[in-house]
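Structure file final-v3.txt with compact mmCIF, C-alpha atoms:
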# COMPACT_ATOMS: atom_id res chain seq x y z
CA MET H 1235 1.83 -34.10 76.40
CA ARG H 1236 0.71 -33.81 80.01
CA GLN H 1237 2.79 -30.65 80.49
CA ALA H 1238 1.09 -29.21 77.40
CA HIS H 1239 -2.29 -29.89 79.02
CA ALA H 1240 -1.09 -28.13 82.18
CA GLU H 1241 -0.13 -25.05 80.19
CA ASP H 1242 -3.46 -25.16 78.35
CA ALA H 1243 -5.23 -25.16 81.72
CA ARG H 1244 -3.19 -22.18 82.91
CA THR H 1245 -3.90 -20.27 79.70
CA GLU H 1246 -7.63 -20.86 80.09
CA ALA H 1247 -7.48 -19.97 83.79
CA ARG H 1248 -5.71 -16.68 83.04
CA ARG H 1249 -8.40 -15.87 80.48
CA VAL H 1250 -11.18 -16.49 83.01
CA VAL H 1251 -9.38 -14.46 85.70
CA ARG H 1252 -9.00 -11.60 83.25
CA ASP H 1253 -12.70 -11.75 82.36
CA LEU H 1254 -13.99 -12.03 85.93
CA LEU H 1255 -11.45 -10.03 87.91
CA GLY H 1256 -9.68 -7.89 85.33
CA GLU H 1257 -6.28 -9.25 86.39
CA GLU H 1258 -3.64 -10.19 83.87
CA ARG H 1259 -1.41 -11.88 86.45
CA PRO H 1260 -3.29 -12.71 89.66
CA THR H 1261 -1.46 -11.97 92.89
CA ALA H 1262 -2.51 -12.14 96.53
CA GLY H 1263 -1.99 -8.40 96.99
CA VAL H 1264 -4.19 -7.42 94.05
CA LEU H 1265 -6.88 -9.92 95.08
CA ILE H 1266 -7.12 -8.55 98.61
CA ALA H 1267 -7.13 -4.96 97.37
CA ASP H 1268 -9.97 -5.80 94.96
CA ALA H 1269 -11.94 -7.60 97.67
CA ARG H 1270 -11.88 -4.81 100.26
CA PRO H 1271 -14.35 -2.39 98.65
CA VAL H 1272 -16.66 -5.28 97.70
CA VAL H 1273 -16.83 -7.39 100.88
CA GLY H 1274 -15.80 -4.64 103.31
CA ASP H 1275 -12.61 -4.08 105.28
CA GLU H 1276 -13.63 -6.14 108.31
CA ARG H 1277 -14.54 -9.20 106.27
CA ALA H 1278 -11.45 -8.80 104.11
CA ASP H 1279 -9.24 -8.66 107.20
CA ARG H 1280 -10.88 -11.80 108.56
CA CYS H 1281 -10.40 -13.61 105.25
CA VAL H 1282 -6.72 -12.64 105.20
CA GLY H 1283 -6.38 -13.85 108.78
CA LEU H 1284 -7.76 -17.25 107.83
CA ALA H 1285 -5.42 -17.46 104.84
CA LEU H 1286 -2.50 -16.57 107.10
CA GLY H 1287 -3.48 -19.40 109.44
CA ALA H 1288 -3.37 -22.01 106.70
CA SER H 1289 -0.27 -24.02 105.86
CA LEU H 1290 1.72 -22.60 102.97
CA THR H 1291 0.76 -25.54 100.76
CA ARG H 1292 -2.90 -24.59 101.40
CA ARG H 1293 -2.57 -20.81 101.08
CA SER H 1294 -3.32 -20.77 97.36
CA ALA H 1295 -6.58 -22.66 97.95
CA GLU H 1296 -7.64 -20.17 100.63
CA LEU H 1297 -6.91 -17.24 98.33
CA ALA H 1298 -8.85 -18.91 95.52
CA ALA H 1299 -11.82 -19.17 97.90
CA ILE H 1300 -11.52 -15.43 98.53
CA ALA H 1301 -11.68 -14.90 94.75
CA ALA H 1302 -14.98 -16.82 94.72
CA LEU H 1303 -16.31 -14.71 97.59
CA LEU H 1304 -15.31 -11.51 95.80
CA VAL H 1305 -17.13 -12.45 92.58
CA GLY H 1306 -20.07 -13.94 94.47
CA THR H 1307 -20.52 -10.79 96.55
CA ARG H 1308 -20.46 -8.70 93.39
CA ASP H 1309 -23.16 -10.91 91.86
CA LEU H 1310 -25.42 -11.42 94.89
CA GLY H 1311 -24.83 -8.25 96.89
CA ALA H 1312 -23.24 -7.66 100.30
CA GLU H 1313 -26.50 -8.68 102.00
CA TRP H 1314 -25.59 -12.27 101.12
CA TRP H 1315 -23.23 -12.24 104.11
CA THR H 1316 -25.94 -11.41 106.63
CA ARG H 1317 -28.81 -13.47 105.24
CA PRO H 1318 -29.79 -16.47 107.45
CA ARG H 1319 -29.60 -19.74 105.55
CA GLY H 1320 -32.38 -21.58 107.34
CA GLY H 1321 -32.31 -24.73 109.44
CA LYS H 1322 -29.18 -25.03 111.52
CA LEU H 1323 -26.98 -23.12 109.06
CA PRO H 1324 -25.77 -19.71 110.24
CA ALA H 1325 -25.35 -16.64 108.07
CA PRO H 1326 -22.01 -16.45 106.23
CA ASP H 1327 -20.81 -13.65 108.55
CA GLU H 1328 -21.15 -16.02 111.51
CA VAL H 1329 -19.05 -18.65 109.72
CA LEU H 1330 -16.40 -16.06 108.96
CA ARG H 1331 -16.36 -15.09 112.64
CA THR H 1332 -16.14 -18.62 114.05
CA ALA H 1333 -14.00 -20.08 111.23
CA VAL H 1334 -15.67 -23.46 111.68
CA ALA H 1335 -16.92 -25.57 108.78
CA ILE H 1336 -20.26 -27.31 109.26
CA GLU H 1337 -21.52 -30.76 108.24
CA PRO H 1338 -21.47 -31.89 105.47
CA TRP H 1339 -18.64 -29.50 104.54
CA THR H 1340 -16.19 -30.50 107.28
CA ASP H 1341 -13.64 -31.69 104.72
CA LEU H 1342 -13.33 -28.03 103.69
CA THR H 1343 -11.91 -25.02 105.48
CA ALA H 1344 -14.28 -22.25 106.52
CA LEU H 1345 -13.29 -20.12 103.52
CA GLU H 1346 -13.74 -23.04 101.14
CA MET H 1347 -17.16 -23.77 102.62
CA LEU H 1348 -18.20 -20.14 102.16
CA ALA H 1349 -16.93 -20.29 98.57
CA ALA H 1350 -19.08 -23.39 98.01
CA TRP H 1351 -22.11 -21.61 99.47
CA VAL H 1352 -21.72 -18.51 97.34
CA SER H 1353 -21.04 -20.60 94.24
CA ASP H 1354 -24.22 -22.63 94.78
CA ASP H 1355 -26.29 -19.56 95.62
CA ALA H 1356 -25.12 -17.83 92.44
CA ALA H 1357 -25.97 -20.97 90.44
CA ASP H 1358 -29.45 -21.10 92.00
CA GLU H 1359 -29.94 -17.44 91.13
CA LEU H 1360 -29.08 -18.14 87.49
CA TRP H 1361 -30.65 -21.53 86.83
CA GLY H 1362 -33.05 -22.23 89.68
CA ARG H 1363 -32.83 -24.75 92.49
CA PRO H 1364 -31.61 -28.18 91.37
CA VAL H 1365 -33.99 -31.10 91.66
CA ALA H 1366 -31.29 -33.64 92.54
CA GLN H 1367 -27.57 -34.23 92.98
CA VAL H 1368 -25.47 -36.54 90.80
CA ASP H 1369 -21.90 -37.78 91.05
CA LEU H 1370 -20.00 -37.20 87.82
CA ASN H 1371 -17.35 -39.74 88.80
CA SER H 1372 -19.82 -41.97 86.98
CA TRP H 1373 -20.63 -40.91 83.43
CA GLN H 1374 -23.77 -43.03 83.24
CA ALA H 1375 -26.36 -40.72 81.71
CA GLU H 1376 -29.61 -42.61 82.25
CA ASP H 1377 -31.93 -42.43 85.25
CA ARG H 1378 -29.51 -41.15 87.87
CA PHE H 1379 -32.22 -39.82 90.21
CA HIS H 1380 -35.91 -40.08 91.01
CA LEU H 1381 -38.02 -37.75 88.93
CA PRO H 1382 -40.20 -35.21 90.72
CA GLN H 1383 -43.95 -35.42 90.30
CA GLY H 1384 -45.61 -33.85 87.30
CA VAL H 1385 -42.70 -33.77 84.85
CA LEU H 1386 -43.29 -34.17 81.12
CA PRO H 1387 -41.25 -35.74 78.28
CA GLY H 1388 -38.79 -33.25 76.85
CA GLN H 1389 -38.66 -31.15 80.02
CA ARG H 1390 -35.17 -30.09 81.15
CA LEU H 1391 -34.40 -30.36 84.86
CA VAL H 1392 -31.43 -28.73 86.58
CA VAL H 1393 -29.24 -31.06 88.66
CA HIS H 1394 -26.29 -30.34 90.94
CA PHE H 1395 -22.92 -32.10 90.67
CA ASP H 1396 -20.41 -29.83 92.38
CA ALA H 1397 -20.28 -26.50 94.20
CA GLY H 1398 -21.64 -24.05 91.66
CA GLY H 1399 -21.78 -26.79 89.03
CA ARG H 1400 -24.98 -27.61 87.19
CA LEU H 1401 -26.14 -29.59 84.19
CA ASP H 1402 -29.51 -30.48 82.68
CA ALA H 1403 -31.33 -33.79 82.72
CA VAL H 1404 -33.84 -34.28 79.92
CA VAL H 1405 -37.05 -36.13 80.82
CA THR H 1406 -37.49 -39.01 78.38
CA GLN H 1407 -40.32 -41.48 77.71
CA ARG H 1408 -38.95 -45.03 77.71
CA ALA H 1409 -40.12 -47.92 75.52
CA ASP H 1410 -42.34 -49.21 78.35
CA ASP H 1411 -43.96 -45.74 78.57
CA ASP H 1412 -42.33 -45.04 81.91
CA LEU H 1413 -40.57 -41.71 82.28
CA GLY H 1414 -36.81 -41.55 82.78
CA SER H 1415 -34.08 -38.98 82.36
CA ASN H 1416 -30.85 -38.58 80.41
CA LEU H 1417 -28.08 -36.28 81.59
CA ASP H 1418 -27.07 -33.74 78.95
CA PHE H 1419 -23.32 -33.50 79.53
CA HIS H 1420 -23.05 -30.72 76.94
CA SER H 1421 -25.06 -28.50 79.29
CA LEU H 1422 -22.44 -28.71 82.06
CA ARG H 1423 -21.73 -25.25 83.47
CA TYR H 1424 -20.40 -23.43 86.53
CA SER H 1425 -21.46 -20.24 88.24
CA ARG H 1426 -19.12 -17.25 88.12
CA PRO H 1427 -17.87 -17.61 91.72
CA ALA H 1428 -16.98 -21.27 91.07
CA GLU H 1429 -15.15 -20.28 87.89
CA ALA H 1430 -13.29 -17.57 89.78
CA GLN H 1431 -12.18 -20.04 92.45
CA TRP H 1432 -10.86 -22.57 89.94
CA SER H 1433 -9.24 -20.05 87.64
CA TRP H 1434 -7.52 -18.04 90.36
CA GLY H 1435 -6.01 -21.16 91.91
CA VAL H 1436 -4.73 -22.47 88.59
CA ALA H 1437 -3.53 -19.15 87.19
CA ALA H 1438 -1.80 -17.99 90.37
CA GLY H 1439 -0.45 -21.42 91.27
CA LEU H 1440 0.93 -22.62 94.58
CA GLY H 1441 2.96 -19.50 95.15
CA PRO H 1442 4.86 -18.09 96.87
CA HIS H 1443 1.92 -15.86 97.86
CA ARG H 1444 3.07 -13.28 100.37
CA LEU H 1445 0.42 -11.52 102.42
CA PRO H 1446 0.57 -8.09 104.10
CA ASP H 1447 0.76 -9.49 107.64
CA ASP H 1448 3.47 -12.07 106.92
CA GLU H 1449 5.92 -11.27 109.68
CA PRO H 1450 8.43 -12.75 109.57
CA ASP H 1451 8.24 -13.84 105.93
CA PRO H 1452 7.43 -17.59 106.14
CA TYR H 1453 8.91 -18.20 102.69
CA THR H 1454 12.40 -17.28 103.91
CA LYS H 1455 12.44 -20.09 106.49
CA PRO H 1456 15.30 -22.52 105.76
CA VAL H 1457 14.36 -26.09 104.85
CA GLU H 1458 16.06 -29.26 106.03
CA ALA H 1459 18.97 -29.61 103.63
CA ALA H 1460 19.26 -33.41 103.57
CA ALA H 1461 15.52 -33.92 102.96
CA ALA H 1462 15.50 -31.21 100.31
CA ARG H 1463 18.36 -32.92 98.48
CA ILE H 1464 16.57 -36.30 98.53
CA LEU H 1465 13.35 -34.83 97.17
CA ARG H 1466 15.06 -32.69 94.53
CA ASP H 1467 17.18 -35.62 93.32
CA TRP H 1468 14.11 -37.88 93.13
CA ALA H 1469 12.35 -35.32 90.95
CA LEU H 1470 15.36 -35.09 88.63
CA ARG H 1471 15.46 -38.88 88.26
CA HIS H 1472 11.76 -38.99 87.44
CA GLY H 1473 11.63 -36.46 84.64
CA ALA H 1474 11.70 -32.95 86.10
CA THR H 1475 14.32 -30.64 84.63
CA ALA H 1476 16.91 -28.63 86.51
CA GLY H 1477 15.26 -25.49 85.19
CA GLN H 1478 11.91 -26.48 86.70
CA LEU H 1479 13.45 -27.37 90.04
CA GLY H 1480 15.67 -24.29 90.30
CA GLU H 1481 19.32 -24.06 91.21
CA ARG H 1482 18.88 -24.58 94.94
CA TRP H 1483 16.37 -25.42 97.63
CA ALA H 1484 17.60 -23.30 100.52
CA ASP H 1485 14.32 -21.97 101.85
CA VAL H 1486 10.59 -22.59 101.75
CA GLY H 1487 10.10 -20.11 98.91
CA ASP H 1488 12.54 -22.04 96.70
CA VAL H 1489 10.62 -25.29 97.28
CA VAL H 1490 7.14 -23.80 96.78
CA ALA H 1491 8.22 -22.21 93.50
CA ALA H 1492 9.70 -25.52 92.33
CA ILE H 1493 6.54 -27.46 93.22
CA GLU H 1494 4.55 -25.06 91.08
CA ARG H 1495 6.90 -25.34 88.09
CA VAL H 1496 7.12 -29.13 87.90
CA ASP H 1497 3.36 -29.62 87.32
CA TRP H 1498 3.46 -32.79 89.41
CA MET H 1499 -0.32 -33.40 89.14
CA TRP H 1500 0.07 -33.88 85.39
CA ARG H 1501 2.72 -36.56 85.82
CA SER H 1502 2.54 -40.25 86.74
CA ALA H 1503 0.82 -41.46 89.92
CA GLU H 1504 4.11 -41.99 91.78
CA TRP H 1505 4.50 -38.22 91.93
CA PHE H 1506 1.79 -38.08 94.57
CA GLY H 1507 4.28 -39.56 97.02
CA TRP H 1508 6.72 -36.80 96.07
CA TRP H 1509 4.02 -34.20 96.69
CA ARG H 1510 3.43 -35.59 100.18
CA GLY H 1511 7.14 -35.34 100.83
CA VAL H 1512 7.64 -31.79 99.60
CA SER H 1513 4.47 -30.69 101.43
CA ALA H 1514 5.92 -32.01 104.67
CA LEU H 1515 9.20 -30.25 103.87
CA VAL H 1516 7.46 -26.91 103.24
CA ASP H 1517 5.19 -27.15 106.28
CA GLY H 1518 7.93 -28.36 108.62
CA SER H 1519 5.84 -31.41 109.41
CA ALA H 1520 7.00 -34.04 111.88
CA TYR H 1521 5.84 -36.59 109.30
CA LEU H 1522 8.69 -35.67 106.92
CA PRO H 1523 10.86 -38.75 107.76
CA TYR H 1524 7.88 -41.05 107.16
CA ARG H 1525 7.08 -39.33 103.86
CA LEU H 1526 10.66 -39.86 102.72
CA GLU H 1527 10.44 -43.54 103.71
CA GLU H 1528 7.19 -43.90 101.73
CA LEU H 1529 8.79 -42.30 98.70
CA ALA H 1530 11.82 -44.60 98.90
CA ALA H 1531 9.60 -47.66 99.30
CA GLY H 1532 7.48 -46.66 96.31

Could you spell out this file's structure in structure tokens?
Amino acid sequence: MRQAHAEDARTEARRVVRDLLGEERPTAGVLIADARPVVGDERADRCVGLALGASLTRRSAELAAIAALLVGTRDLGAEWWTRPRGGKLPAPDEVLRTAVAIEPWTDLTALEMLAAWVSDDAADELWGRPVAQVDLNSWQAEDRFHLPQGVLPGQRLVVHFDAGGRLDAVVTQRADDDLGSNLDFHSLRYSRPAEAQWSWGVAAGLGPHRLPDDEPDPYTKPVEAAAARILRDWALRHGATAGQLGERWADVGDVVAAIERVDWMWRSAEWFGWWRGVSALVDGSAYLPYRLEELAAG
């Protein structure tokens, strides 16, 4: 059942990619070629350089951020890159140059932060500035924020819940005549750059995603044979098929392709430990022995 949901998500992601980017099967090469005439060669080269600097288990996320920037630049215009953002926030071009994320986005890479900016700016352009932010980890609908002055019963207010994500809150008169609000979860929506980011990452998957300046090819790097055998055998014992895992795990490309095929995020929680292990294997991390110990202990 969970694997069916994973395939449903990929099918929907491919549909969105086709609608937004015109790609039937998204690849890194096509994405970069599409981005160049829109964002400009210099910015495209800088984006590729940042993607090259990411670990291979993060490369797909960096490319998905580029997809958001491509669609966002189409929607908002190339001047978006040079426009000052006010306060202490630099223009997007300055972020691309320094490659440093800024508070409160420091849990993101520079490309992911820029994707969040363009997604929110596109949402503001479509639906206006949000009056508040809500956390949808809680599905409580009533009175999640303080109402601005002057609102009236029945009025719909736009609130923010994620980068590029918006939904409406309906102003409601309570039994005591005080005004409150109810979130309308049916109004949940995302801007086009945010949709492009999600859909490209899901449709294209973890990879391998080779880039023009990959020299030597990082996906041909051999992996540690003993660790690869432990992780592959664990996956077989816990429900992955030999077809999903592939015949051998000789190099990084073999492992990345297998990670993508097993749909580990749609499996039981114990697979997160496996993900930490295979990530360390792919990235050549010094933490690999500790990840294997954690997996064995789990």

- Of the listed residues H:Arg1248, H:Arg1423, H:Arg1482, H:Arg1510, that which approaches H:Ala1397 most closely, counting all atoms listed in the file: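 Ranked by minimum distance to H:Ala1397, first place goes to H:Arg1423.
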
Quick one: everything within 9 Å of stretch 1452-1461 of chain H, counting all atoms listed in the file, minus sequence neighbours fewer than 2 positions away in the same chain. Send it as a CSV table (one decimal) with C-alpha atoms, in the coordinates of the input.
chain,number,residue,atom,x,y,z
H,1290,LEU,CA,1.7,-22.6,103.0
H,1442,PRO,CA,4.9,-18.1,96.9
H,1443,HIS,CA,1.9,-15.9,97.9
H,1444,ARG,CA,3.1,-13.3,100.4
H,1448,ASP,CA,3.5,-12.1,106.9
H,1449,GLU,CA,5.9,-11.3,109.7
H,1450,PRO,CA,8.4,-12.8,109.6
H,1463,ARG,CA,18.4,-32.9,98.5
H,1464,ILE,CA,16.6,-36.3,98.5
H,1465,LEU,CA,13.4,-34.8,97.2
H,1466,ARG,CA,15.1,-32.7,94.5
H,1483,TRP,CA,16.4,-25.4,97.6
H,1484,ALA,CA,17.6,-23.3,100.5
H,1485,ASP,CA,14.3,-22.0,101.8
H,1486,VAL,CA,10.6,-22.6,101.8
H,1487,GLY,CA,10.1,-20.1,98.9
H,1488,ASP,CA,12.5,-22.0,96.7
H,1489,VAL,CA,10.6,-25.3,97.3
H,1490,VAL,CA,7.1,-23.8,96.8
H,1511,GLY,CA,7.1,-35.3,100.8
H,1512,VAL,CA,7.6,-31.8,99.6
H,1515,LEU,CA,9.2,-30.2,103.9
H,1516,VAL,CA,7.5,-26.9,103.2
H,1518,GLY,CA,7.9,-28.4,108.6
H,1522,LEU,CA,8.7,-35.7,106.9
H,1523,PRO,CA,10.9,-38.8,107.8
H,1526,LEU,CA,10.7,-39.9,102.7

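Atom CA of H:Ala1403 is found 5.1 Å from atom CA of H:Leu1391.
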
- Name the residues in contact with H:Ala1474 at a cut-off of 10 Å, using all atoms listed in the file, excluding same-chain residues fewer than 3 positions from it; report them as a ChimeraX atom specification. /H:1466-1471,1477-1479,1492,1495-1498,1501

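Coordinates place atom CA of H:Glu1346 at a distance of 9.4 Å from atom CA of H:Leu1297.
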
- So, counting all atoms listed in the file, which residue among H:Gly1306, H:Pro1427, H:Gly1283, H:Gly1362 is closest to H:Val1392? H:Gly1362

- Nearest to H:Asp1354: which of H:Gly1399, H:Gly1384, H:Gly1311, H:Pro1326 is it, counting only C-alpha atoms? H:Gly1399

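Across the model, the gap from atom CA of H:Trp1509 to atom CA of H:Tyr1524 is 13.1 Å.
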
Residue neighbourhood H:Glu1246, 8 Å, only C-alpha atoms, exclusion window fewer than 4 positions, as a PDB file with C-alpha atoms, in the coordinates of the input:
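Output contents, as saved in part.pdb:
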ATOM      1  CA  ASP H1242      -3.460 -25.160  78.350  1.00  0.00           C
ATOM      2  CA  VAL H1250     -11.180 -16.490  83.010  1.00  0.00           C
ATOM      3  CA  SER H1433      -9.240 -20.050  87.640  1.00  0.00           C
TER       4      SER H1433
END

- Message: Need to verify the contact set: H:Trp1373, 12 Å, only C-alpha atoms, exclusion of same-chain residues closer than 6 positions in sequence. Can you return it as an MDAnalysis selection string?
- Response: chainID H and resid 1395 1416:1419

Could you please fill out stretch 1444-1455 of chain H with all heavy atoms and send it back as a PDB file, keeping the file's coordinate frame?
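Now in selection.pdb:
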ATOM      1  N   ARG H1444       2.824 -14.042  99.139  1.00  0.00           N
ATOM      2  CA  ARG H1444       3.070 -13.280 100.370  1.00  0.00           C
ATOM      3  C   ARG H1444       1.876 -12.392 100.677  1.00  0.00           C
ATOM      4  O   ARG H1444       1.302 -11.779  99.787  1.00  0.00           O
ATOM      5  CB  ARG H1444       4.362 -12.470 100.224  1.00  0.00           C
ATOM      6  CG  ARG H1444       5.601 -13.355 100.185  1.00  0.00           C
ATOM      7  CD  ARG H1444       6.883 -12.583  99.980  1.00  0.00           C
ATOM      8  NE  ARG H1444       8.042 -13.456 100.174  1.00  0.00           N
ATOM      9  CZ  ARG H1444       8.546 -14.257  99.236  1.00  0.00           C
ATOM     10  NH1 ARG H1444       8.002 -14.284  98.023  1.00  0.00           N
ATOM     11  NH2 ARG H1444       9.592 -15.018  99.499  1.00  0.00           N
ATOM     12  N   LEU H1445       1.540 -12.320 101.962  1.00  0.00           N
ATOM     13  CA  LEU H1445       0.420 -11.520 102.420  1.00  0.00           C
ATOM     14  C   LEU H1445       0.910 -10.359 103.280  1.00  0.00           C
ATOM     15  O   LEU H1445       2.022 -10.426 103.846  1.00  0.00           O
ATOM     16  CB  LEU H1445      -0.552 -12.401 103.221  1.00  0.00           C
ATOM     17  CG  LEU H1445      -1.294 -13.457 102.400  1.00  0.00           C
ATOM     18  CD1 LEU H1445      -2.056 -14.409 103.312  1.00  0.00           C
ATOM     19  CD2 LEU H1445      -2.249 -12.792 101.419  1.00  0.00           C
ATOM     20  N   PRO H1446       0.102  -9.290 103.392  1.00  0.00           N
ATOM     21  CA  PRO H1446       0.570  -8.090 104.100  1.00  0.00           C
ATOM     22  C   PRO H1446       1.042  -8.339 105.520  1.00  0.00           C
ATOM     23  O   PRO H1446       1.957  -7.670 105.993  1.00  0.00           O
ATOM     24  CB  PRO H1446      -0.679  -7.186 104.070  1.00  0.00           C
ATOM     25  CG  PRO H1446      -1.464  -7.645 102.894  1.00  0.00           C
ATOM     26  CD  PRO H1446      -1.234  -9.124 102.797  1.00  0.00           C
ATOM     27  N   ASP H1447       0.412  -9.267 106.229  1.00  0.00           N
ATOM     28  CA  ASP H1447       0.760  -9.490 107.640  1.00  0.00           C
ATOM     29  C   ASP H1447       1.748 -10.629 107.837  1.00  0.00           C
ATOM     30  O   ASP H1447       1.885 -11.141 108.958  1.00  0.00           O
ATOM     31  CB  ASP H1447      -0.516  -9.754 108.444  1.00  0.00           C
ATOM     32  CG  ASP H1447      -1.422  -8.534 108.487  1.00  0.00           C
ATOM     33  OD1 ASP H1447      -0.884  -7.409 108.494  1.00  0.00           O
ATOM     34  OD2 ASP H1447      -2.654  -8.695 108.509  1.00  0.00           O
ATOM     35  N   ASP H1448       2.437 -11.038 106.790  1.00  0.00           N
ATOM     36  CA  ASP H1448       3.470 -12.070 106.920  1.00  0.00           C
ATOM     37  C   ASP H1448       4.683 -11.480 107.645  1.00  0.00           C
ATOM     38  O   ASP H1448       5.474 -10.731 107.064  1.00  0.00           O
ATOM     39  CB  ASP H1448       3.909 -12.564 105.543  1.00  0.00           C
ATOM     40  CG  ASP H1448       3.070 -13.713 105.029  1.00  0.00           C
ATOM     41  OD1 ASP H1448       2.522 -14.465 105.858  1.00  0.00           O
ATOM     42  OD2 ASP H1448       2.961 -13.846 103.807  1.00  0.00           O
ATOM     43  N   GLU H1449       4.798 -11.813 108.912  1.00  0.00           N
ATOM     44  CA  GLU H1449       5.920 -11.270 109.680  1.00  0.00           C
ATOM     45  C   GLU H1449       6.310 -12.258 110.771  1.00  0.00           C
ATOM     46  O   GLU H1449       5.510 -12.494 111.698  1.00  0.00           O
ATOM     47  CB  GLU H1449       5.518  -9.924 110.310  1.00  0.00           C
ATOM     48  CG  GLU H1449       6.708  -9.118 110.791  1.00  0.00           C
ATOM     49  CD  GLU H1449       6.304  -7.734 111.276  1.00  0.00           C
ATOM     50  OE1 GLU H1449       5.471  -7.084 110.627  1.00  0.00           O
ATOM     51  OE2 GLU H1449       6.821  -7.334 112.336  1.00  0.00           O
ATOM     52  N   PRO H1450       7.461 -12.891 110.676  1.00  0.00           N
ATOM     53  CA  PRO H1450       8.430 -12.750 109.570  1.00  0.00           C
ATOM     54  C   PRO H1450       7.940 -13.471 108.308  1.00  0.00           C
ATOM     55  O   PRO H1450       6.975 -14.248 108.365  1.00  0.00           O
ATOM     56  CB  PRO H1450       9.669 -13.424 110.132  1.00  0.00           C
ATOM     57  CG  PRO H1450       9.127 -14.450 111.091  1.00  0.00           C
ATOM     58  CD  PRO H1450       7.896 -13.833 111.693  1.00  0.00           C
ATOM     59  N   ASP H1451       8.598 -13.232 107.202  1.00  0.00           N
ATOM     60  CA  ASP H1451       8.240 -13.840 105.930  1.00  0.00           C
ATOM     61  C   ASP H1451       8.406 -15.354 106.034  1.00  0.00           C
ATOM     62  O   ASP H1451       9.530 -15.847 106.162  1.00  0.00           O
ATOM     63  CB  ASP H1451       9.119 -13.266 104.823  1.00  0.00           C
ATOM     64  CG  ASP H1451       8.745 -13.781 103.442  1.00  0.00           C
ATOM     65  OD1 ASP H1451       8.004 -14.781 103.343  1.00  0.00           O
ATOM     66  OD2 ASP H1451       9.205 -13.187 102.458  1.00  0.00           O
ATOM     67  N   PRO H1452       7.304 -16.133 105.965  1.00  0.00           N
ATOM     68  CA  PRO H1452       7.430 -17.590 106.140  1.00  0.00           C
ATOM     69  C   PRO H1452       8.175 -18.264 104.988  1.00  0.00           C
ATOM     70  O   PRO H1452       8.682 -19.374 105.152  1.00  0.00           O
ATOM     71  CB  PRO H1452       5.978 -18.058 106.203  1.00  0.00           C
ATOM     72  CG  PRO H1452       5.213 -17.032 105.418  1.00  0.00           C
ATOM     73  CD  PRO H1452       5.901 -15.735 105.696  1.00  0.00           C
ATOM     74  N   TYR H1453       8.247 -17.606 103.848  1.00  0.00           N
ATOM     75  CA  TYR H1453       8.910 -18.200 102.690  1.00  0.00           C
ATOM     76  C   TYR H1453      10.435 -18.125 102.788  1.00  0.00           C
ATOM     77  O   TYR H1453      11.125 -18.761 101.994  1.00  0.00           O
ATOM     78  CB  TYR H1453       8.432 -17.539 101.402  1.00  0.00           C
ATOM     79  CG  TYR H1453       6.983 -17.828 101.082  1.00  0.00           C
ATOM     80  CD1 TYR H1453       5.991 -16.881 101.341  1.00  0.00           C
ATOM     81  CD2 TYR H1453       6.593 -19.053 100.555  1.00  0.00           C
ATOM     82  CE1 TYR H1453       4.651 -17.147 101.054  1.00  0.00           C
ATOM     83  CE2 TYR H1453       5.258 -19.334 100.269  1.00  0.00           C
ATOM     84  CZ  TYR H1453       4.303 -18.368 100.524  1.00  0.00           C
ATOM     85  OH  TYR H1453       2.987 -18.645 100.237  1.00  0.00           O
ATOM     86  N   THR H1454      10.939 -17.359 103.727  1.00  0.00           N
ATOM     87  CA  THR H1454      12.400 -17.280 103.910  1.00  0.00           C
ATOM     88  C   THR H1454      12.916 -18.292 104.934  1.00  0.00           C
ATOM     89  O   THR H1454      14.118 -18.359 105.181  1.00  0.00           O
ATOM     90  CB  THR H1454      12.814 -15.869 104.345  1.00  0.00           C
ATOM     91  OG1 THR H1454      12.214 -15.571 105.617  1.00  0.00           O
ATOM     92  CG2 THR H1454      12.384 -14.835 103.326  1.00  0.00           C
ATOM     93  N   LYS H1455      12.017 -19.099 105.495  1.00  0.00           N
ATOM     94  CA  LYS H1455      12.440 -20.090 106.490  1.00  0.00           C
ATOM     95  C   LYS H1455      13.286 -21.165 105.820  1.00  0.00           C
ATOM     96  O   LYS H1455      12.894 -21.729 104.794  1.00  0.00           O
ATOM     97  CB  LYS H1455      11.221 -20.714 107.142  1.00  0.00           C
ATOM     98  CG  LYS H1455      11.561 -21.718 108.237  1.00  0.00           C
ATOM     99  CD  LYS H1455      10.290 -22.292 108.857  1.00  0.00           C
ATOM    100  CE  LYS H1455      10.628 -23.323 109.932  1.00  0.00           C
ATOM    101  NZ  LYS H1455       9.400 -23.901 110.539  1.00  0.00           N
TER     102      LYS H1455
END
